[in-house]
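First comes the structure, then the notes that go with it.
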Amino acid sequence: GAVVSQHPSWVICKSGTSVKIECRSLDFQATTMFWYRQFPKQSLMLMATSNEGSKATYEQGVEKDKFLINHASLTLSTLTVTSAHPEDSSFYICSARDRRRGGGGSADTQYFGPGTRLTVL
Amino acid sequence: DQQVKQNSPSLSVQEGRISILNCDYTNSMFDYFLWYKKYPAEGPTFLISISSIKDKNEDGRFTVFLNKSAKHLSLHIVPSQPGDSAVYFCAASGVSSNTGKLIFGQGTTLQVKP
């Protein structure tokens, strides 16, 4: 159980276009999903917390108008990179919080999707 | 301010021996700790976790130890296998943050030699 999928696994786009990445929890409901970005040989950087039915919470330094997050259902969150530029090229990873496995609060485990490699030309 | 630190960027061990990966944290409000394994171009895979009310948790070849007074945790892999070669991240979260946000260390690259 606790499988998270991402689509697409990789995408190449032209500068100025927008790209949408989907994150789905396949066998559990996730009221909270997280979006991370990873640069080569670096740790995962949390971009934003996506809450079902409400606005996302962005980390400091992350442009919310640039990275649009929508969490329309308990199993789907989307990240749209708007007007993408080459510096947005990165590995984007989502995770979903499986509240079944803990007693709530911080004892919840996050399960990660396989990631999406975005290359902006 | 790096709240979770993995001071060893890499570790190399022989197949069959023990691998010990270390992690230090600074925030005493953290109460839940996790280890993830990551291959290149893939998402992290959950390995094992531990709550601050315990000092040890074991799952097969993986054991995590927590020393709260030292704010230190470690992951032991016994016996190590070549397929264990990957980047290992420790992560922490705190009861004060009911958002479930995880703070990750920088990762340690483990190489298990046949």
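Residue numbers start at 1 in each chain; chains themselves are named A, B, ... in the order of the structure tokens; ligands are numbered from 1 in the order shown.
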Neighbour list for Gln111 (chain B) as a PyMOL selection string, cut-off 10 Å, only C-alpha atoms, skip fewer than 5 positions in-chain: chain B and resi 10-15+19+80-87
Could those residues be written to a file, using C-alpha atoms, as an mmCIF file, in the first residue's frame?
data_model
loop_
_atom_site.group_PDB
_atom_site.id
_atom_site.type_symbol
_atom_site.label_atom_id
_atom_site.label_comp_id
_atom_site.auth_asym_id
_atom_site.auth_seq_id
_atom_site.Cartn_x
_atom_site.Cartn_y
_atom_site.Cartn_z
ATOM 1 C CA SER B 10 29.502 9.282 1.414
ATOM 2 C CA LEU B 11 30.173 5.861 2.896
ATOM 3 C CA SER B 12 31.680 2.754 1.357
ATOM 4 C CA VAL B 13 31.345 -0.722 2.905
ATOM 5 C CA GLN B 14 31.951 -4.288 1.858
ATOM 6 C CA GLU B 15 29.052 -6.588 1.076
ATOM 7 C CA SER B 19 26.572 0.034 7.215
ATOM 8 C CA SER B 80 24.790 -4.755 3.612
ATOM 9 C CA GLN B 81 24.006 -5.757 0.063
ATOM 10 C CA PRO B 82 25.061 -4.194 -3.260
ATOM 11 C CA GLY B 83 21.424 -3.282 -3.893
ATOM 12 C CA ASP B 84 21.568 -1.037 -0.856
ATOM 13 C CA SER B 85 23.830 1.341 -2.751
ATOM 14 C CA ALA B 86 21.878 4.591 -2.921
ATOM 15 C CA VAL B 87 21.548 7.976 -1.261
#
Taking only C-alpha atoms into account, find every residue of chain A that has an atom no more than 10 Å from chain B, and write it out as a PyMOL selection string. chain A and resi 4-6+9-10+32-34+38+40-46+48-51+57+91-95+97+99+104-117
### strand (DSSP E or B) per DSSP on the backbone: members of chain B, as a PyMOL selection string
chain B and resi 4-5+10-14+19-25+30-38+45-51+56-59+62-67+72-77+86-94+103-104+108-113
Neighbouring residues of Val120 (chain A) were defined as those with any atom within 12 Å, considering only C-alpha atoms; residues of the same chain fewer than 6 positions away were excluded. Please report them as a VMD selection string.
chain A and resid 10 to 19 81 to 91
Write to file, as an mmCIF file, in the first residue's frame, the residues of the selection just made, with C-alpha atoms.
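Output (result-v1.cif):
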data_model
loop_
_atom_site.group_PDB
_atom_site.id
_atom_site.type_symbol
_atom_site.label_atom_id
_atom_site.label_comp_id
_atom_site.auth_asym_id
_atom_site.auth_seq_id
_atom_site.Cartn_x
_atom_site.Cartn_y
_atom_site.Cartn_z
ATOM 1 C CA TRP A 10 9.764 13.635 -17.651
ATOM 2 C CA VAL A 11 8.894 16.624 -19.778
ATOM 3 C CA ILE A 12 10.764 18.937 -22.102
ATOM 4 C CA CYS A 13 9.202 22.277 -22.921
ATOM 5 C CA LYS A 14 10.038 25.590 -24.524
ATOM 6 C CA SER A 15 10.755 28.658 -22.467
ATOM 7 C CA GLY A 16 7.586 30.615 -21.733
ATOM 8 C CA THR A 17 5.211 27.679 -21.768
ATOM 9 C CA SER A 18 3.411 26.203 -18.760
ATOM 10 C CA VAL A 19 3.775 22.651 -17.545
ATOM 11 C CA VAL A 81 5.011 25.710 -13.531
ATOM 12 C CA THR A 82 3.866 28.837 -15.312
ATOM 13 C CA SER A 83 5.923 30.638 -17.951
ATOM 14 C CA ALA A 84 8.752 28.190 -17.446
ATOM 15 C CA HIS A 85 12.343 29.308 -17.899
ATOM 16 C CA PRO A 86 15.570 27.298 -18.096
ATOM 17 C CA GLU A 87 16.298 27.979 -14.411
ATOM 18 C CA ASP A 88 13.103 26.083 -13.558
ATOM 19 C CA SER A 89 14.659 22.924 -14.954
ATOM 20 C CA SER A 90 14.839 20.520 -12.061
ATOM 21 C CA PHE A 91 13.566 17.285 -10.557
#
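Between CA of Leu26 (chain A) and CA of Val62 (chain A) there is a distance of 27.6 Å.
Of the listed residues (A:Ala2, A:Ala96, A:Ala30, A:Ile21), A:Ile21 comes nearest to Phe67 (chain A); the distances count only C-alpha atoms.
Atom pair CA of Ser28 (chain B) / CA of Asn57 (chain B): separated by 19.7 Å.
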Item to check | Selection: 7 Å around Thr78 (chain A), only C-alpha atoms, excl. self and same-chain fewer than 5 positions, as a list of chain:residue names | outcome: A:Lys20, A:Ile21, A:Glu22, A:Cys23, A:Ile69, A:Asn70, A:His71
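Counting from CA of Pro8 (chain A), the distance to CA of Tyr58 (chain A) is 22.6 Å.
Proximity of A:Ala56, A:Leu79, A:Leu74, A:Leu68 to Asp98 (chain A), computed with only C-alpha atoms, is greatest for A:Leu74.
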